[in-house]
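Written below as structure tokens is the structure these notes are about.
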Amino acid sequence: MARLLVFLTIVALFVSFPVAKVGAADGEPEKYTLRYALDHGQRLNYEVTHVAKTKTRIQGQEEVSQVHTVSQRYWDVKDVNEKDMTFDHVVDAVEMTQQQGDQEEIRWSSTSGDDAPVQFSKVAEQIGKTLSTISVNARGQETAREDHGGSKASLGMGSLTLALPENPIAIGESWSIPREIKTRTDDGLVKPIKIRELYTLEKVKSGVATLSIRSEPLTPIKEESVRAQVVQQLSNGTIKFDLDAGHMISKELNWDETVVGFQGPNSLMEYRARMNEELVDVPHTARHNPLGKSVLSE
């Protein structure tokens, strides 16, 4: 379970759209067409903070694992044409803290000049490099992708781009995107779990559209060991967008899950986490945000 927690954090490192009004007749709600609108040469800088804490209890033995990561990443828009928009995804700085059980806390910053601990070596190798080159159409659907490093899995952290609804939607209306999670049963078999990401346009105010996101499993889950794997990969939170510029302003996702009996009748897993992603106006190379202690309480 601790290994999965660390993997989730690494994925969070490497792992947006305008709203145009559509005229409505009297008595009908205003509708909005959601679309990407990136410009050639544009650079979108984001700061991502991921804090997670997993507590497990198996046969009376309790262990707590914690991770805290602050990363600086950006989209570098390389080409825009009538069909799609192409950008490079780069992580150019990261600060990481990890603690497992009673072991000594491990901390590392890519700006410190120190060699990365072995636990963070894979991340260190990819700092400043193009992780992927992605082409999307105006609805955010990928038309081409070349991965150079990192992971394509979202694991509930949210993908880089989002498939937007085909038709205009009004405040309060929703659309969904299917996703599949691969889990492993107690007997070692791979079991796919189908879920849907449900997005709802909650409000439009002062040029900002607010969306809620909620993951809903569609496949019945009978095994608690499978449930423990699924709850850590669900997305629940809020996304905000610049209506005119056509890209994401912020994303906040939260997890607060408890699974009883995931490894025997007396076992327990508690998973609490938060992921915040914010658009920043200054280049990441000019920013430095030292890590603090995890703010997740017992």
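By order in the structure tokens, chains are A, B, ...; within a chain, residues start at 1; ligands start at 1, following the order shown.
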
- prompt: If you count only C-alpha atoms, which residues fall within 9 Å of Pro117 in chain A, apart from same-chain ones fewer than 5 positions away, as an NGL selection string?
  reply: :A and (106-108)

Please produce a file of the residues just selected, as a JSON list (two decimals), in the first residue's frame, where the atoms kept are all heavy atoms.
```json
[["chain", "number", "residue", "atom", "x", "y", "z"],
["A", 106, "ILE", "N", 12.23, 11.41, 4.40],
["A", 106, "ILE", "CA", 13.11, 11.65, 3.25],
["A", 106, "ILE", "C", 12.63, 12.91, 2.55],
["A", 106, "ILE", "O", 11.45, 13.04, 2.22],
["A", 106, "ILE", "CB", 13.08, 10.46, 2.27],
["A", 106, "ILE", "CG1", 13.48, 9.18, 2.99],
["A", 106, "ILE", "CG2", 14.00, 10.72, 1.09],
["A", 106, "ILE", "CD1", 13.27, 7.92, 2.14],
["A", 107, "ARG", "N", 13.55, 13.87, 2.35],
["A", 107, "ARG", "CA", 13.20, 15.13, 1.70],
["A", 107, "ARG", "C", 14.18, 15.41, 0.57],
["A", 107, "ARG", "O", 15.37, 15.11, 0.68],
["A", 107, "ARG", "CB", 13.23, 16.29, 2.71],
["A", 107, "ARG", "CG", 12.26, 16.14, 3.86],
["A", 107, "ARG", "CD", 12.56, 17.14, 4.97],
["A", 107, "ARG", "NE", 12.31, 18.51, 4.54],
["A", 107, "ARG", "CZ", 11.15, 19.15, 4.70],
["A", 107, "ARG", "NH1", 10.14, 18.53, 5.27],
["A", 107, "ARG", "NH2", 11.00, 20.38, 4.31],
["A", 108, "TRP", "N", 13.67, 16.02, -0.50],
["A", 108, "TRP", "CA", 14.55, 16.39, -1.62],
["A", 108, "TRP", "C", 13.93, 17.49, -2.45],
["A", 108, "TRP", "O", 12.71, 17.50, -2.67],
["A", 108, "TRP", "CB", 14.82, 15.17, -2.51],
["A", 108, "TRP", "CG", 15.70, 15.51, -3.69],
["A", 108, "TRP", "CD1", 17.02, 15.84, -3.67],
["A", 108, "TRP", "CD2", 15.30, 15.56, -5.07],
["A", 108, "TRP", "NE1", 17.47, 16.08, -4.94],
["A", 108, "TRP", "CE2", 16.43, 15.92, -5.82],
["A", 108, "TRP", "CE3", 14.09, 15.34, -5.71],
["A", 108, "TRP", "CZ2", 16.39, 16.06, -7.20],
["A", 108, "TRP", "CZ3", 14.04, 15.48, -7.09],
["A", 108, "TRP", "CH2", 15.18, 15.83, -7.83]]
```

query: Near range 212-218 of chain A, counting only C-alpha atoms, which residues have an atom at most 12 Å away, once you skip same-chain residues fewer than 2 positions from it, shown as a ChimeraX atom specification?
result: /A:155-158,162,171-181,192-203,209-210,220-221,226-227,230-241,250-255

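Distances to Ile127 in chain A were evaluated for A:Arg57, A:His247, A:Arg145, A:Arg73 using only C-alpha atoms, and the minimum falls at A:Arg73.
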
Quick one: everything within 8 Å of Ala273 in chain A, counting only C-alpha atoms, minus sequence neighbours fewer than 2 positions away in the same chain. Send it as a PDB file with N, CA, C and O atoms, in the first residue's frame.
```pdb
ATOM      1  N   HIS A  50       0.481  18.113  -3.850  1.00  0.00           N
ATOM      2  CA  HIS A  50      -0.183  16.837  -3.542  1.00  0.00           C
ATOM      3  C   HIS A  50       0.233  16.392  -2.150  1.00  0.00           C
ATOM      4  O   HIS A  50       1.427  16.247  -1.852  1.00  0.00           O
ATOM      5  N   VAL A  51      -0.745  16.205  -1.276  1.00  0.00           N
ATOM      6  CA  VAL A  51      -0.517  15.739   0.086  1.00  0.00           C
ATOM      7  C   VAL A  51      -1.355  14.490   0.294  1.00  0.00           C
ATOM      8  O   VAL A  51      -2.554  14.497   0.008  1.00  0.00           O
ATOM      9  N   ALA A  52      -0.754  13.412   0.776  1.00  0.00           N
ATOM     10  CA  ALA A  52      -1.508  12.171   0.971  1.00  0.00           C
ATOM     11  C   ALA A  52      -1.022  11.440   2.211  1.00  0.00           C
ATOM     12  O   ALA A  52       0.165  11.458   2.546  1.00  0.00           O
ATOM     13  N   LYS A  53      -1.976  10.810   2.882  1.00  0.00           N
ATOM     14  CA  LYS A  53      -1.676  10.043   4.089  1.00  0.00           C
ATOM     15  C   LYS A  53      -2.484   8.746   4.064  1.00  0.00           C
ATOM     16  O   LYS A  53      -3.703   8.770   3.888  1.00  0.00           O
ATOM     17  N   ASN A 254     -10.127  16.021  -3.637  1.00  0.00           N
ATOM     18  CA  ASN A 254      -9.998  15.572  -2.254  1.00  0.00           C
ATOM     19  C   ASN A 254     -10.424  14.111  -2.117  1.00  0.00           C
ATOM     20  O   ASN A 254     -11.328  13.655  -2.818  1.00  0.00           O
ATOM     21  N   TRP A 255      -9.758  13.413  -1.188  1.00  0.00           N
ATOM     22  CA  TRP A 255     -10.091  12.031  -0.872  1.00  0.00           C
ATOM     23  C   TRP A 255     -10.196  11.875   0.639  1.00  0.00           C
ATOM     24  O   TRP A 255      -9.357  12.398   1.387  1.00  0.00           O
ATOM     25  N   ASP A 256     -11.201  11.172   1.102  1.00  0.00           N
ATOM     26  CA  ASP A 256     -11.356  10.847   2.523  1.00  0.00           C
ATOM     27  C   ASP A 256     -12.101   9.518   2.586  1.00  0.00           C
ATOM     28  O   ASP A 256     -13.324   9.467   2.632  1.00  0.00           O
ATOM     29  N   TYR A 271      -7.555   6.449   3.875  1.00  0.00           N
ATOM     30  CA  TYR A 271      -6.813   7.200   2.856  1.00  0.00           C
ATOM     31  C   TYR A 271      -7.356   8.616   2.807  1.00  0.00           C
ATOM     32  O   TYR A 271      -8.535   8.835   2.536  1.00  0.00           O
ATOM     33  N   MET A 275      -5.172  17.272  -3.638  1.00  0.00           N
ATOM     34  CA  MET A 275      -4.358  17.723  -4.760  1.00  0.00           C
ATOM     35  C   MET A 275      -4.884  19.070  -5.236  1.00  0.00           C
ATOM     36  O   MET A 275      -6.062  19.218  -5.540  1.00  0.00           O
ATOM     37  N   LEU A 296      -2.482  17.133   6.805  1.00  0.00           N
ATOM     38  CA  LEU A 296      -3.531  16.151   7.044  1.00  0.00           C
ATOM     39  C   LEU A 296      -3.425  15.662   8.483  1.00  0.00           C
ATOM     40  O   LEU A 296      -2.361  15.222   8.931  1.00  0.00           O
TER      41      LEU A 296
END
```

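For the pair CA of Gln103 in chain A and CA of Ile58 in chain A, the interatomic distance is 18.3 Å.
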
field: Residues of range 54-253 of chain A in helix (DSSP H, G or I), written as JSON, numbers by chain
entry: {"A": [118, 119, 120, 121, 122, 123, 124, 125, 126, 224, 225, 226, 227, 228, 229, 230, 231]}

- request: Would you mind listing what lies within 12 Å of Ser135 in chain A as JSON, numbers by chain, with only C-alpha atoms counted and same-chain residues fewer than 4 positions away left out?
  value: {"A": [36, 38, 75, 76, 77, 78, 79, 80, 81, 83, 84, 85, 86, 87, 88, 89, 139, 140, 141, 142, 143, 144, 145, 146, 147, 160, 161]}

Resulting file, chosen residues, C-alpha atoms, as a CSV table (one decimal), in the first residue's frame:
```csv
chain,number,residue,atom,x,y,z
A,36,TYR,CA,-10.1,24.9,-25.6
A,38,LEU,CA,-4.6,27.8,-26.9
A,75,TRP,CA,2.5,23.5,-21.2
A,76,ASP,CA,4.5,24.9,-24.0
A,77,VAL,CA,2.2,25.3,-27.0
A,78,LYS,CA,4.1,24.4,-30.2
A,79,ASP,CA,1.5,24.6,-32.9
A,80,VAL,CA,-2.1,25.6,-33.4
A,81,ASN,CA,-4.1,25.0,-36.6
A,83,LYS,CA,-7.8,20.9,-36.5
A,84,ASP,CA,-5.8,20.8,-33.3
A,85,MET,CA,-3.4,22.4,-30.8
A,86,THR,CA,-0.1,20.8,-29.9
A,87,PHE,CA,1.9,21.3,-26.7
A,88,ASP,CA,4.8,19.9,-24.8
A,89,HIS,CA,4.3,18.9,-21.1
A,139,ARG,CA,-13.1,19.7,-27.4
A,140,GLY,CA,-9.9,18.4,-25.6
A,141,GLN,CA,-9.9,15.1,-27.3
A,142,GLU,CA,-6.4,13.8,-28.0
A,143,THR,CA,-5.6,13.5,-31.7
A,144,ALA,CA,-2.0,12.5,-31.3
A,145,ARG,CA,0.4,11.8,-28.4
A,146,GLU,CA,4.0,11.0,-28.0
A,147,ASP,CA,5.2,10.0,-24.5
A,160,LEU,CA,-3.8,16.7,-18.6
A,161,THR,CA,-6.7,17.4,-20.9
```

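Distances here use only C-alpha atoms; by that measure, the residue among A:Glu270, A:Glu257, A:Glu166, A:Glu223 closest to Thr33 in chain A is A:Glu166.
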
query: Would you give me, as number ranges by chain, the residues in range 7-250 of chain A that DSSP reads as strand (DSSP E)?
result: A: 19-22, 31-34, 43-58, 61-80, 85-100, 106-109, 130-136, 142-147, 169-170, 174-184, 190-205, 208-217, 236-242, 247-250

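With only C-alpha atoms as the atoms that count, the residue of A:Ala37, A:Ala228, A:Leu243, A:Leu44 with the shortest distance to Ser206 in chain A is A:Leu243.
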
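CA of Glu278 in chain A to CA of Thr54 in chain A spans 24.5 Å [interatomic distance, one decimal].
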
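Proximity to Asp281 in chain A was assessed for A:Glu47, A:Glu28, A:Glu62, A:Glu104 counting only C-alpha atoms; the smallest distance is recorded for A:Glu47.
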
List as a PDB file with C-alpha atoms, in the first residue's frame the protein and nucleic acid residues near Val118 in chain A, meaning an atom at most 12 Å away when only C-alpha atoms are counted, but skip any in the same chain fewer than 2 places from it.
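Listing of out-v4.pdb after writing:
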```pdb
ATOM      1  CA  GLN A  98       8.119  10.995   2.083  1.00  0.00           C
ATOM      2  CA  ILE A 106      13.109  11.646   3.253  1.00  0.00           C
ATOM      3  CA  ARG A 107      13.197  15.130   1.697  1.00  0.00           C
ATOM      4  CA  TRP A 108      14.552  16.387  -1.618  1.00  0.00           C
ATOM      5  CA  ASP A 115      21.586  14.159  -5.645  1.00  0.00           C
ATOM      6  CA  ALA A 116      18.103  12.686  -5.348  1.00  0.00           C
ATOM      7  CA  PHE A 120      12.994   9.885  -6.050  1.00  0.00           C
ATOM      8  CA  SER A 121      15.556   8.953  -8.698  1.00  0.00           C
ATOM      9  CA  LYS A 122      12.986   8.318 -11.452  1.00  0.00           C
ATOM     10  CA  VAL A 123      11.480  11.750 -10.881  1.00  0.00           C
ATOM     11  CA  ALA A 124      14.914  13.400 -10.871  1.00  0.00           C
ATOM     12  CA  GLU A 125      15.772  11.903 -14.256  1.00  0.00           C
TER      13      GLU A 125
END
```

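When the distance limit is 9 Å and only C-alpha atoms are what count, the residues near Asp186 in chain A, minus those fewer than 2 positions from it on the same chain, are Arg184, Gly188, Leu189, Glu223, Ser225, Val226 and Gln263 of chain A.
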
task: For CA of Gln126 in chain A and CA of Ala93 in chain A, quote the distance in Å rounded to one decimal.
output: 9.9 Å

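Among the candidates A:Val91, A:Leu34, A:Val260, A:Ile169, the residue lying nearest to Glu224 in chain A is A:Val260 (atoms considered: only C-alpha atoms).
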